[in-house]
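Q: So here's input-v1.csv (CSV, C-alpha atoms and all ligand atoms).
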```csv
chain,number,residue,atom,x,y,z
P,1,MET,CA,-27.0,0.5,7.2
P,2,LYS,CA,-24.4,-1.2,5.0
P,3,LEU,CA,-21.6,1.3,4.8
P,4,THR,CA,-18.6,1.1,2.5
P,5,ILE,CA,-15.2,2.7,3.2
P,6,SER,CA,-13.2,3.0,-0.1
P,7,CYS,CA,-9.8,4.4,-0.6
P,8,ILE,CA,-8.4,4.8,-4.1
P,9,LYS,CA,-4.9,6.1,-4.6
P,10,ALA,CA,-2.7,7.0,-7.6
P,11,ASP,CA,0.5,8.7,-8.6
P,12,VAL,CA,-0.5,11.1,-11.4
P,13,GLY,CA,2.4,13.5,-11.3
P,14,SER,CA,4.7,15.3,-9.0
P,15,ILE,CA,6.9,18.4,-8.6
P,16,GLY,CA,10.7,18.4,-9.2
P,17,GLY,CA,10.9,14.6,-9.6
P,18,HIS,CA,8.9,12.0,-7.8
P,19,THR,CA,8.4,14.0,-4.6
P,20,LYS,CA,4.8,15.1,-4.0
P,21,PRO,CA,1.8,16.3,-6.0
P,22,SER,CA,1.3,20.0,-6.5
P,23,GLU,CA,-1.0,22.2,-4.5
P,24,ARG,CA,-3.1,22.8,-7.7
P,25,MET,CA,-3.5,19.1,-8.2
P,26,MET,CA,-4.6,18.6,-4.6
P,27,ASP,CA,-7.0,21.6,-4.8
P,28,ALA,CA,-8.6,20.1,-7.9
P,29,VAL,CA,-9.0,16.7,-6.2
P,30,ARG,CA,-10.5,18.4,-3.1
P,31,GLU,CA,-13.0,20.2,-5.3
P,32,GLU,CA,-14.1,17.1,-7.1
P,33,VAL,CA,-14.6,15.3,-3.8
P,34,ALA,CA,-16.7,18.2,-2.4
P,35,SER,CA,-18.8,18.0,-5.5
P,36,ALA,CA,-19.3,14.2,-5.3
P,37,ILE,CA,-20.5,14.7,-1.7
P,38,GLU,CA,-22.8,17.5,-2.9
P,39,LYS,CA,-24.3,15.3,-5.6
P,40,GLY,CA,-24.8,12.5,-3.1
P,41,LEU,CA,-22.5,10.0,-4.8
P,42,ILE,CA,-20.5,9.6,-1.6
P,43,ILE,CA,-21.4,10.5,2.0
P,44,ASP,CA,-18.0,11.9,3.0
P,45,GLY,CA,-14.6,12.2,1.5
P,46,TRP,CA,-11.0,13.2,2.5
P,47,ILE,CA,-7.8,13.5,0.6
P,48,SER,CA,-4.1,13.4,1.5
P,49,TYR,CA,-0.8,12.6,-0.1
P,50,THR,CA,2.1,10.4,0.9
P,51,GLY,CA,5.2,11.1,-1.3
P,52,ASP,CA,3.9,11.4,-4.8
P,53,ASP,CA,0.7,9.5,-4.3
P,54,ILE,CA,-2.8,11.0,-3.8
P,55,ALA,CA,-5.2,9.0,-1.7
P,56,ILE,CA,-9.0,9.7,-1.9
P,57,LEU,CA,-10.8,8.3,1.1
P,58,MET,CA,-14.6,7.9,0.7
P,59,SER,CA,-17.6,6.7,2.7
P,60,HIS,CA,-20.8,5.6,0.8
P,61,THR,CA,-23.5,3.0,0.6
P,62,ARG,CA,-22.8,1.6,-2.9
P,63,GLY,CA,-20.8,-1.4,-1.8
P,64,GLU,CA,-17.3,-2.5,-2.9
P,65,ASP,CA,-16.2,-2.3,-6.5
P,66,ASP,CA,-19.0,0.2,-7.3
P,67,VAL,CA,-18.7,1.4,-10.9
P,68,ASP,CA,-19.7,5.0,-10.1
P,69,VAL,CA,-17.4,5.4,-7.2
P,70,HIS,CA,-14.5,3.9,-9.1
P,71,GLN,CA,-15.2,6.0,-12.2
P,72,PHE,CA,-15.4,9.1,-10.0
P,73,ALA,CA,-11.9,8.4,-8.6
P,74,TRP,CA,-10.6,7.7,-12.2
P,75,ASP,CA,-12.1,10.9,-13.6
P,76,THR,CA,-10.7,12.9,-10.6
P,77,PHE,CA,-7.2,11.5,-11.2
P,78,ILE,CA,-7.6,12.4,-14.9
P,79,LYS,CA,-8.3,16.0,-13.9
P,80,ALA,CA,-5.2,16.0,-11.6
P,81,THR,CA,-3.2,14.5,-14.5
P,82,GLU,CA,-4.2,17.4,-16.8
P,83,ILE,CA,-2.9,19.9,-14.3
P,84,ALA,CA,0.3,17.9,-13.9
P,85,ARG,CA,0.7,18.0,-17.7
P,86,GLU,CA,-0.1,21.7,-18.0
P,87,TYR,CA,2.7,22.5,-15.5
P,88,GLY,CA,5.2,20.0,-16.9
P,89,LEU,CA,5.3,17.8,-13.7
P,90,TYR,CA,7.1,14.5,-13.5
P,91,GLY,CA,5.2,11.3,-14.2
P,92,ALA,CA,1.9,12.9,-15.2
P,93,GLY,CA,-0.7,10.2,-15.4
P,94,GLN,CA,1.8,7.5,-14.3
P,95,ASP,CA,-0.6,5.2,-12.6
P,96,LEU,CA,-3.4,5.4,-15.1
P,97,LEU,CA,-2.4,2.4,-17.1
P,98,VAL,CA,-5.4,2.0,-19.4
P,99,ASP,CA,-7.3,4.4,-21.6
P,100,ALA,CA,-10.5,3.9,-19.7
P,101,PRO,CA,-11.2,1.3,-17.0
P,102,SER,CA,-14.1,-1.1,-17.6
P,103,GLY,CA,-16.2,-0.3,-14.6
P,104,ASN,CA,-13.6,-0.9,-11.9
P,105,VAL,CA,-10.2,0.6,-11.5
P,106,ARG,CA,-8.7,-2.5,-9.9
P,107,GLY,CA,-6.0,-3.7,-12.4
P,108,ALA,CA,-6.1,-0.3,-14.2
P,109,GLY,CA,-3.2,1.1,-12.1
P,110,PRO,CA,-4.7,2.9,-9.1
P,111,ALA,CA,-4.5,1.1,-5.7
P,112,VAL,CA,-7.8,0.2,-4.1
P,113,ALA,CA,-8.7,-0.8,-0.5
P,114,GLU,CA,-12.4,-1.2,0.4
P,115,ILE,CA,-14.4,-2.6,3.3
P,116,GLU,CA,-18.2,-2.9,3.4
P,117,MET,CA,-19.6,-3.3,6.9
P,118,ASP,CA,-22.8,-3.4,8.9
P,119,HIS,CA,-22.9,0.1,10.3
P,120,THR,CA,-25.4,0.0,13.2
P,121,LEU,CA,-23.1,1.4,16.0
P,122,GLU,CA,-24.4,-1.3,18.3
P,123,ALA,CA,-22.5,-4.2,19.8
P,124,PRO,CA,-20.0,-5.6,18.8
P,125,ARG,CA,-19.1,-2.2,17.1
P,126,PRO,CA,-20.7,0.6,19.3
P,127,ALA,CA,-18.2,2.9,17.7
P,128,GLU,CA,-16.5,2.6,14.3
P,129,SER,CA,-12.9,3.7,14.0
P,130,PHE,CA,-10.4,2.8,11.4
P,131,MET,CA,-7.0,3.8,10.1
P,132,LEU,CA,-5.7,4.4,6.5
P,133,PHE,CA,-2.1,3.5,5.8
P,134,ALA,CA,-0.5,4.8,2.7
P,135,ALA,CA,3.1,3.9,1.6
P,136,ASP,CA,5.3,5.3,-1.1
P,137,LYS,CA,8.4,4.0,-2.9
P,138,CYS,CA,7.8,0.4,-1.9
P,139,GLY,CA,6.4,-2.9,-3.2
P,140,PRO,CA,3.0,-4.5,-2.7
P,141,GLY,CA,3.9,-6.7,0.4
P,142,ALA,CA,5.2,-3.8,2.5
P,143,TYR,CA,2.5,-4.4,5.1
P,144,ASN,CA,3.0,-8.2,5.3
P,145,LEU,CA,5.2,-8.1,8.4
P,146,PRO,CA,3.7,-5.2,10.5
P,147,ILE,CA,0.0,-6.0,9.9
P,148,PHE,CA,0.5,-9.7,10.3
P,149,LEU,CA,2.2,-9.2,13.7
P,150,GLY,CA,-0.5,-6.7,14.7
P,151,PHE,CA,-3.2,-9.3,14.1
P,152,ALA,CA,-1.5,-12.5,15.0
P,153,ASP,CA,1.2,-12.0,17.6
P,154,PRO,CA,0.5,-11.2,21.3
P,155,MET,CA,4.0,-9.8,21.5
P,156,TYR,CA,2.6,-6.8,19.7
P,157,CYS,CA,-1.2,-7.2,20.2
P,158,GLY,CA,-1.8,-8.1,23.8
P,159,GLY,CA,-5.5,-7.8,23.0
P,160,LEU,CA,-5.3,-11.2,21.3
P,161,MET,CA,-5.5,-12.7,24.8
P,162,LEU,CA,-8.9,-11.2,25.4
P,163,PRO,CA,-12.2,-13.2,24.8
P,164,GLN,CA,-13.2,-11.0,21.8
P,165,MET,CA,-10.0,-11.8,19.9
P,166,ILE,CA,-8.7,-15.1,21.4
P,167,LYS,CA,-10.1,-17.2,18.5
P,168,GLY,CA,-7.8,-15.2,16.2
P,169,PHE,CA,-8.2,-13.9,12.7
P,170,THR,CA,-8.5,-15.4,9.2
P,171,PHE,CA,-5.9,-14.1,6.7
P,172,HIS,CA,-6.7,-13.9,3.0
P,173,VAL,CA,-3.4,-14.1,1.2
P,174,ILE,CA,-3.2,-13.2,-2.5
P,175,ASP,CA,-0.7,-14.7,-4.9
P,176,MET,CA,0.3,-11.6,-6.9
P,177,ASP,CA,2.1,-13.6,-9.6
P,178,ASN,CA,-1.2,-15.0,-10.7
P,179,THR,CA,-2.3,-12.3,-13.1
P,180,GLY,CA,-5.3,-14.4,-14.3
P,181,GLY,CA,-7.3,-13.0,-11.4
P,182,ASP,CA,-7.4,-12.6,-7.6
P,183,SER,CA,-6.1,-16.0,-6.4
P,184,ILE,CA,-6.6,-16.2,-2.6
P,185,ILE,CA,-5.8,-18.7,0.1
P,186,GLU,CA,-7.5,-18.5,3.5
P,187,LEU,CA,-5.4,-19.4,6.5
P,188,ASN,CA,-6.2,-19.0,10.2
P,189,ALA,CA,-4.1,-17.5,12.9
P,190,PRO,CA,-3.0,-18.9,15.4
P,191,GLU,CA,-3.0,-22.5,14.1
P,192,ASP,CA,-1.7,-21.7,10.6
P,193,TYR,CA,0.8,-19.1,11.9
P,194,TYR,CA,3.9,-20.8,10.3
P,195,GLN,CA,2.1,-21.4,7.0
P,196,ILE,CA,1.1,-17.8,6.8
P,197,THR,CA,4.7,-16.6,7.5
P,198,ALA,CA,6.0,-19.1,4.9
P,199,LEU,CA,4.0,-17.1,2.3
P,200,LEU,CA,4.2,-13.6,3.7
P,201,ARG,CA,8.0,-13.7,3.9
P,202,ASP,CA,8.0,-13.2,0.2
P,203,ASN,CA,6.8,-9.5,-0.1
P,204,GLU,CA,7.0,-9.4,-3.8
P,205,ARG,CA,4.8,-12.4,-4.6
P,206,PHE,CA,2.4,-12.9,-1.6
P,207,GLY,CA,0.5,-10.2,0.2
P,208,ILE,CA,-2.2,-9.8,2.8
P,209,ASP,CA,-5.4,-9.1,0.9
P,210,GLY,CA,-7.8,-9.1,3.8
P,211,ILE,CA,-8.1,-10.1,7.5
P,212,TYR,CA,-11.4,-11.2,9.1
P,213,SER,CA,-12.4,-11.7,12.8
P,214,ARG,CA,-13.0,-15.4,13.6
P,215,THR,CA,-15.3,-14.3,16.4
P,216,THR,CA,-17.7,-12.2,14.4
P,217,GLY,CA,-16.8,-12.8,10.8
P,218,GLN,CA,-16.3,-9.0,10.3
P,219,ARG,CA,-13.7,-7.8,8.0
P,220,ALA,CA,-10.9,-5.9,9.8
P,221,VAL,CA,-8.4,-5.2,7.0
P,222,SER,CA,-8.3,-4.5,3.3
P,223,VAL,CA,-4.9,-4.1,1.5
P,224,SER,CA,-4.4,-3.0,-2.1
P,225,ALA,CA,-2.2,-6.0,-2.9
P,226,GLN,CA,-1.3,-6.0,-6.5
P,227,ARG,CA,1.8,-5.7,-8.6
P,228,LEU,CA,1.9,-2.8,-11.0
P,229,HIS,CA,4.6,-4.4,-13.1
P,230,SER,CA,2.5,-7.5,-13.5
P,231,ILE,CA,-0.4,-5.4,-14.7
P,232,ALA,CA,1.6,-3.1,-17.0
P,233,GLY,CA,4.2,-5.6,-18.2
P,234,VAL,CA,6.8,-2.8,-18.1
P,235,TYR,CA,8.0,-0.7,-15.2
P,236,THR,CA,5.5,2.0,-14.4
P,237,GLY,CA,6.3,2.9,-10.8
P,238,LYS,CA,6.2,1.1,-7.5
P,239,ASP,CA,3.0,-0.4,-6.2
P,240,ASP,CA,3.0,1.9,-3.2
P,241,PRO,CA,0.2,0.0,-1.3
P,242,ILE,CA,-2.6,1.4,0.9
P,243,ALA,CA,-4.4,-0.4,3.7
P,244,LEU,CA,-7.7,0.2,5.6
P,245,VAL,CA,-7.5,-1.2,9.1
P,246,ARG,CA,-10.5,-1.1,11.5
P,247,ASN,CA,-9.5,-0.9,15.1
P,248,GLN,CA,-10.6,-1.2,18.8
P,249,GLY,CA,-13.0,-3.6,20.5
P,250,ILE,CA,-13.1,-6.8,18.4
P,251,PHE,CA,-10.0,-5.7,16.5
P,252,PRO,CA,-6.5,-4.6,17.7
P,253,ALA,CA,-6.2,-1.1,19.1
P,254,PRO,CA,-4.2,1.4,17.0
P,255,GLU,CA,-1.1,1.2,19.2
P,256,GLU,CA,-1.1,-2.6,18.8
P,257,VAL,CA,-1.0,-2.2,15.0
P,258,ILE,CA,1.4,0.7,14.7
P,259,SER,CA,3.9,-0.6,17.3
P,260,THR,CA,5.0,-3.1,14.6
P,261,PHE,CA,6.2,-0.2,12.5
P,262,THR,CA,8.9,0.7,15.0
P,263,LYS,CA,11.0,-1.9,13.3
P,264,ALA,CA,11.4,0.2,10.2
P,265,HIS,CA,11.7,-3.1,8.4
P,266,PHE,CA,13.4,-3.6,5.1
P,267,VAL,CA,11.2,-3.6,2.0
P,268,GLY,CA,11.7,-3.7,-1.8
P,269,GLY,CA,11.4,-0.3,-3.5
P,270,ASP,CA,13.4,2.9,-3.0
P,271,ALA,CA,15.3,4.4,-5.9
P,272,ARG,CA,14.1,3.1,-9.3
P,273,GLY,CA,12.0,0.6,-7.4
P,274,SER,CA,15.0,-1.7,-7.4
P,275,HIS,CA,16.6,-1.5,-3.9
P,276,VAL,CA,16.0,-2.8,-0.4
P,277,MET,CA,15.5,-0.1,2.2
P,278,PRO,CA,13.8,0.4,5.6
P,279,ILE,CA,10.3,1.8,5.6
P,280,MET,CA,10.0,5.1,7.6
P,281,PRO,CA,6.8,6.1,9.3
P,282,VAL,CA,6.1,9.8,8.4
P,283,PRO,CA,3.3,12.4,9.0
P,284,LEU,CA,0.7,12.8,6.3
P,285,ASN,CA,1.6,14.9,3.3
P,286,THR,CA,5.3,14.2,3.6
P,287,PRO,CA,7.2,14.6,0.3
P,288,VAL,CA,10.0,12.2,-0.7
P,289,THR,CA,13.2,14.3,-0.4
P,290,GLY,CA,15.7,12.2,1.6
P,291,PRO,CA,19.0,10.8,0.4
P,292,TYR,CA,17.9,8.0,-1.9
P,293,CYS,CA,14.1,7.8,-1.6
P,294,LEU,CA,13.5,5.9,1.6
P,295,PRO,CA,10.2,4.1,1.5
P,296,LEU,CA,7.6,6.1,3.5
P,297,VAL,CA,4.4,5.1,5.3
P,298,SER,CA,1.7,7.3,6.8
P,299,ALA,CA,-1.2,6.4,9.1
P,300,ALA,CA,-4.4,8.5,9.5
P,301,GLY,CA,-7.2,7.6,11.9
P,302,PHE,CA,-10.9,8.4,11.6
P,303,SER,CA,-14.2,7.8,13.5
P,304,VAL,CA,-17.5,7.4,11.6
P,305,ASN,CA,-20.8,8.8,12.9
P,306,ARG,CA,-24.2,7.2,12.5
P,307,ASP,CA,-24.7,8.9,9.1
P,308,GLY,CA,-21.4,7.6,7.7
P,309,MET,CA,-19.6,10.9,8.0
P,310,PHE,CA,-16.0,11.0,9.1
P,311,SER,CA,-15.1,12.7,12.3
P,312,ASP,CA,-14.6,16.5,11.9
P,313,SER,CA,-10.9,16.0,12.2
P,314,TYR,CA,-8.5,13.1,11.9
P,315,ILE,CA,-5.5,11.7,13.8
P,316,ASP,CA,-2.1,11.7,12.2
P,317,PHE,CA,-0.5,8.7,14.0
P,318,PHE,CA,3.1,9.1,12.9
P,319,ASP,CA,3.1,12.9,13.5
P,320,ASN,CA,4.4,12.6,17.1
P,321,PRO,CA,7.9,13.1,18.5
P,322,VAL,CA,8.0,9.4,19.6
P,323,TRP,CA,8.3,8.5,16.0
P,324,ASP,CA,11.3,10.8,15.5
P,325,GLU,CA,13.3,8.0,17.2
P,326,VAL,CA,12.0,5.5,14.7
P,327,ARG,CA,12.7,7.9,11.8
P,328,ALA,CA,16.3,8.2,13.0
P,329,HIS,CA,16.5,4.4,13.3
P,330,ALA,CA,15.2,4.0,9.8
P,331,GLN,CA,17.6,6.6,8.4
P,332,ARG,CA,20.5,4.8,10.1
P,333,LYS,CA,19.4,1.5,8.7
P,334,GLY,CA,19.1,3.1,5.3
P,335,ILE,CA,22.6,4.6,5.4
P,336,ASP,CA,24.1,1.3,6.4
P,337,MET,CA,22.3,-0.5,3.6
P,338,ARG,CA,23.2,2.2,1.0
P,339,SER,CA,26.9,1.9,2.0
P,340,GLN,CA,27.0,-1.4,0.2
P,341,GLY,CA,25.5,0.3,-2.9
P,342,TRP,CA,24.7,-2.2,-5.6
P,343,SER,CA,26.0,-5.3,-3.8
P,344,GLY,CA,23.9,-8.3,-2.9
P,345,ALA,CA,21.1,-7.7,-0.5
P,346,ALA,CA,21.1,-3.9,-1.1
P,347,MET,CA,19.4,-4.4,-4.4
P,348,LEU,CA,16.4,-6.5,-5.4
P,349,PRO,CA,17.1,-9.9,-7.2
P,350,TYR,CA,17.1,-9.9,-11.0
P,351,SER,CA,13.5,-11.0,-11.3
P,352,GLU,CA,12.3,-8.1,-9.1
P,353,LEU,CA,14.3,-5.3,-10.6
P,354,GLU,CA,11.5,-2.8,-11.5
P,355,TYR,CA,13.5,-0.9,-14.0
P,356,GLY,CA,13.6,-3.3,-16.9
P,357,GLY,CA,16.6,-1.4,-18.2
P,358,PHE,CA,18.7,-3.1,-15.5
P,359,ARG,CA,17.7,-6.4,-16.8
P,360,ASP,CA,18.4,-5.4,-20.4
P,361,THR,CA,21.9,-4.4,-19.4
P,362,VAL,CA,22.5,-7.8,-17.7
P,363,THR,CA,20.9,-9.8,-20.6
P,364,GLY,CA,23.1,-7.9,-23.1
P,365,LEU,CA,26.2,-9.0,-21.1
P,366,VAL,CA,25.0,-12.6,-20.6
P,367,ASP,CA,24.8,-12.9,-24.4
P,368,ARG,CA,28.5,-12.1,-24.7
P,369,PHE,CA,29.7,-14.8,-22.3
P,370,SER,CA,32.0,-17.5,-23.8
P,371,PHE,CA,33.7,-20.6,-22.4
P,372,LYS,CA,37.4,-20.4,-21.7
P,373,ASN,CA,38.1,-22.8,-24.6
P,374,GLY,CA,36.6,-20.2,-26.9
P,375,ALA,CA,33.2,-21.9,-27.4
P,376,ARG,CA,30.2,-19.6,-26.9
P,377,ALA,CA,28.1,-20.3,-23.8
P,378,GLY,CA,24.6,-21.6,-24.6
P,379,VAL,CA,25.4,-22.4,-28.2
P,380,PRO,CA,25.5,-26.2,-29.2
P,381,ALA,CA,29.1,-27.5,-29.7
P,382,ASP,CA,28.4,-28.2,-33.5
P,383,ASP,CA,27.6,-24.5,-34.1
P,384,ASN,CA,30.7,-23.1,-32.3
P,401,LIG,P1,6.9,5.9,-7.7
P,401,LIG,O1,6.2,4.6,-7.9
P,401,LIG,O2,6.5,6.5,-6.3
P,401,LIG,O3,6.6,6.9,-8.7
P,401,LIG,O4,8.5,5.7,-7.6
P,401,LIG,C1,9.1,5.4,-8.7
P,401,LIG,C2,10.6,5.3,-8.6
P,401,LIG,O5,11.2,4.8,-9.5
P,401,LIG,C3,11.3,5.8,-7.4
P,401,LIG,O6,12.7,5.9,-7.7
P,402,MG,MG,6.0,8.6,-8.9
P,403,MG,MG,4.6,6.7,-5.5
```
Would you mind writing the file out in structure tokens?
Ligand code: 13P
Ligand code: MG
Ligand code: MG

A:
Amino acid sequence: MKLTISCIKADVGSIGGHTKPSERMMDAVREEVASAIEKGLIIDGWISYTGDDIAILMSHTRGEDDVDVHQFAWDTFIKATEIAREYGLYGAGQDLLVDAPSGNVRGAGPAVAEIEMDHTLEAPRPAESFMLFAADKCGPGAYNLPIFLGFADPMYCGGLMLPQMIKGFTFHVIDMDNTGGDSIIELNAPEDYYQITALLRDNERFGIDGIYSRTTGQRAVSVSAQRLHSIAGVYTGKDDPIALVRNQGIFPAPEEVISTFTKAHFVGGDARGSHVMPIMPVPLNTPVTGPYCLPLVSAAGFSVNRDGMFSDSYIDFFDNPVWDEVRAHAQRKGIDMRSQGWSGAAMLPYSELEYGGFRDTVTGLVDRFSFKNGARAGVPADDN
């Protein structure tokens, strides 16, 4: 059968500030998912939160961008928003940026990652396993470095030297500044390695949209690369991207992908979406409570049976003592960066400051500059 894995994620309210959704909100989302399975809209479903974002993971046979599946996720987030409003939670409905989405929630605020696949459980995929990454308090390109390395660099993915992967992968990179639509360039690793890095180094503008096997053509990765502030025009929260990553066999093994997260690399985000801080791998359902609000990333793993049902339980990849070492490393990097407060590299450049208010403050001051001879800057000499 053709099976689609969809994950749709949104921040629709959280307790005591931007920390985590409430239990009542999670219960409501869980009930809606159970009822969608009962009605046959989806085959299986699972929910989690990472920081203040709720992720709904679904399997179904309706294909990508399905109106009913997207509408279901939207309606479910509306229900959770109503609970958030009732209890006075922070940021109720924050990521629901339009009154009603026109068929598809892409561009309406929630993050979407979807992969449609041939699901036969025969070679080259005798078993289907995948991971869901969810990140909070960070920008859209947060996965650029770790997922690129996991699929293009044998220093992290030794499997790239095996016959089933040695041809490499095709990267679809999206230009998130182009708000007219999804503008994509296709580049091949290994031969376009340097061109890909020339784009992916800019986490705020370019992002991995998808990765495809050059051996089988199958899609391995889908990332919800978009920029909330390009969509909304004003700051409405960080993008907090999600990613679906199929693993094993013709794709990298889980350890080959997650080993790249040991870097706790610096990403844009953190407090007021305007700083540069390391991303910390955390267990599922971790609230944001640290000093500042360090960007977080979770990773859940699933298998899928013949009928498209998820395994009866899941793996929480970052819920393991080995990751405590990385968490301490991330925290140390974070403290070092925060020690320089507002200076230089510690904050995002002017154009990327997510809180427009920072820009308003600077613009107000720029207007007051004058030359030392008394002439006003930016005003023609005759008018001075
Ligand atoms: P969220 O996008 O997770 O709500 O974070 C917003 C923010 O400004 C953090 O300080
Ligand atoms: Mg929030
Ligand atoms: Mg968030």

Q: Between P:Asn104, P:Asn320, P:Gly13, P:Ala28, which one has atoms that come closest to Arg85 of chain P, using only C-alpha atoms?

A: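 Looking at the shortest contact to Arg85 of chain P, the residue is P:Gly13.
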
Q: Kindly indicate which residue among P:Arg30, P:Lys20, P:His60, P:Arg125 lies nearest to Met309 of chain P, using all atoms listed in the file for the distances.

A: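 Using all atoms listed in the file, the shortest distance to Met309 of chain P belongs to P:His60.
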
Q: Go through the chains and note each residue within 6 Å of ligand LIG 401 (chain P), using all atoms listed in the file, then give the set as a list in words.

A: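 For ligand LIG 401 (chain P), the residues inside 6 Å are His18, Asp52, Asp136, Lys137, Gly237, Lys238, Asp270, Ala271, Arg272 and Gly273 of chain P.
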
Q: Within 12 Å of Gln226 of chain P, counting all atoms listed in the file, which residues qualify if same-chain residues fewer than 4 places away don't, as a PyMOL selection string?

A: chain P and resi 106-113+139-142+173-179+181-183+203-209+230-232+238-242

Q: Go ahead and dump the residues you just picked, C-alpha atoms, as an mmCIF file, in the frame of the given file.

A:
```cif
data_model
loop_
_atom_site.group_PDB
_atom_site.id
_atom_site.type_symbol
_atom_site.label_atom_id
_atom_site.label_comp_id
_atom_site.auth_asym_id
_atom_site.auth_seq_id
_atom_site.Cartn_x
_atom_site.Cartn_y
_atom_site.Cartn_z
ATOM 1 C CA ARG P 106 -8.700 -2.500 -9.900
ATOM 2 C CA GLY P 107 -6.000 -3.700 -12.400
ATOM 3 C CA ALA P 108 -6.100 -0.300 -14.200
ATOM 4 C CA GLY P 109 -3.200 1.100 -12.100
ATOM 5 C CA PRO P 110 -4.700 2.900 -9.100
ATOM 6 C CA ALA P 111 -4.500 1.100 -5.700
ATOM 7 C CA VAL P 112 -7.800 0.200 -4.100
ATOM 8 C CA ALA P 113 -8.700 -0.800 -0.500
ATOM 9 C CA GLY P 139 6.400 -2.900 -3.200
ATOM 10 C CA PRO P 140 3.000 -4.500 -2.700
ATOM 11 C CA GLY P 141 3.900 -6.700 0.400
ATOM 12 C CA ALA P 142 5.200 -3.800 2.500
ATOM 13 C CA VAL P 173 -3.400 -14.100 1.200
ATOM 14 C CA ILE P 174 -3.200 -13.200 -2.500
ATOM 15 C CA ASP P 175 -0.700 -14.700 -4.900
ATOM 16 C CA MET P 176 0.300 -11.600 -6.900
ATOM 17 C CA ASP P 177 2.100 -13.600 -9.600
ATOM 18 C CA ASN P 178 -1.200 -15.000 -10.700
ATOM 19 C CA THR P 179 -2.300 -12.300 -13.100
ATOM 20 C CA GLY P 181 -7.300 -13.000 -11.400
ATOM 21 C CA ASP P 182 -7.400 -12.600 -7.600
ATOM 22 C CA SER P 183 -6.100 -16.000 -6.400
ATOM 23 C CA ASN P 203 6.800 -9.500 -0.100
ATOM 24 C CA GLU P 204 7.000 -9.400 -3.800
ATOM 25 C CA ARG P 205 4.800 -12.400 -4.600
ATOM 26 C CA PHE P 206 2.400 -12.900 -1.600
ATOM 27 C CA GLY P 207 0.500 -10.200 0.200
ATOM 28 C CA ILE P 208 -2.200 -9.800 2.800
ATOM 29 C CA ASP P 209 -5.400 -9.100 0.900
ATOM 30 C CA SER P 230 2.500 -7.500 -13.500
ATOM 31 C CA ILE P 231 -0.400 -5.400 -14.700
ATOM 32 C CA ALA P 232 1.600 -3.100 -17.000
ATOM 33 C CA LYS P 238 6.200 1.100 -7.500
ATOM 34 C CA ASP P 239 3.000 -0.400 -6.200
ATOM 35 C CA ASP P 240 3.000 1.900 -3.200
ATOM 36 C CA PRO P 241 0.200 0.000 -1.300
ATOM 37 C CA ILE P 242 -2.600 1.400 0.900
#
```

Q: Find, counting only C-alpha atoms, the residue in P:Met25, P:Leu132, P:Ile184, P:Val69 that gets nearest to His172 of chain P.

A: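 That would be P:Ile184, the residue with the smallest distance to His172 of chain P.
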
Q: Show me, as a ChimeraX atom specification, the residues that have an atom within 12 Å of segment 185-191 of chain P when counting only C-alpha atoms, minus same-chain residues fewer than 6 positions from it.

A: /P:148-154,160-161,165-176,197-200,206-215

Q: Keeping only C-alpha atoms, write those residues as a CSV table (one decimal), in the frame of the given file.

A:
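Contents of out23.csv, as written:
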```csv
chain,number,residue,atom,x,y,z
P,148,PHE,CA,0.5,-9.7,10.3
P,149,LEU,CA,2.2,-9.2,13.7
P,150,GLY,CA,-0.5,-6.7,14.7
P,151,PHE,CA,-3.2,-9.3,14.1
P,152,ALA,CA,-1.5,-12.5,15.0
P,153,ASP,CA,1.2,-12.0,17.6
P,154,PRO,CA,0.5,-11.2,21.3
P,160,LEU,CA,-5.3,-11.2,21.3
P,161,MET,CA,-5.5,-12.7,24.8
P,165,MET,CA,-10.0,-11.8,19.9
P,166,ILE,CA,-8.7,-15.1,21.4
P,167,LYS,CA,-10.1,-17.2,18.5
P,168,GLY,CA,-7.8,-15.2,16.2
P,169,PHE,CA,-8.2,-13.9,12.7
P,170,THR,CA,-8.5,-15.4,9.2
P,171,PHE,CA,-5.9,-14.1,6.7
P,172,HIS,CA,-6.7,-13.9,3.0
P,173,VAL,CA,-3.4,-14.1,1.2
P,174,ILE,CA,-3.2,-13.2,-2.5
P,175,ASP,CA,-0.7,-14.7,-4.9
P,176,MET,CA,0.3,-11.6,-6.9
P,197,THR,CA,4.7,-16.6,7.5
P,198,ALA,CA,6.0,-19.1,4.9
P,199,LEU,CA,4.0,-17.1,2.3
P,200,LEU,CA,4.2,-13.6,3.7
P,206,PHE,CA,2.4,-12.9,-1.6
P,207,GLY,CA,0.5,-10.2,0.2
P,208,ILE,CA,-2.2,-9.8,2.8
P,209,ASP,CA,-5.4,-9.1,0.9
P,210,GLY,CA,-7.8,-9.1,3.8
P,211,ILE,CA,-8.1,-10.1,7.5
P,212,TYR,CA,-11.4,-11.2,9.1
P,213,SER,CA,-12.4,-11.7,12.8
P,214,ARG,CA,-13.0,-15.4,13.6
P,215,THR,CA,-15.3,-14.3,16.4
```

Q: Figure out the distance between atom CA of Gln195 of chain P and atom CA of Glu256 of chain P, please, to one decimal in Å.

A: 22.4 Å

Q: Go through P:Ile258, P:Leu3, P:Ile196, P:Ile54 one by one, measure the shortest atom-to-atom distance of each to Pro287 of chain P using only C-alpha atoms, and give the residue with the smallest value.

A: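 Of P:Ile258, P:Leu3, P:Ile196, P:Ile54, the one nearest Pro287 of chain P is P:Ile54, counting only C-alpha atoms.
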
Q: From the set P:Asn247, P:Tyr90, P:Gly40, P:Ile5, which residue has the shortest atom-to-atom contact distance to ligand MG 403 (chain P), counting only C-alpha atoms and all ligand atoms?

A: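 Closest to ligand MG 403 (chain P), using only C-alpha atoms and all ligand atoms: P:Tyr90.
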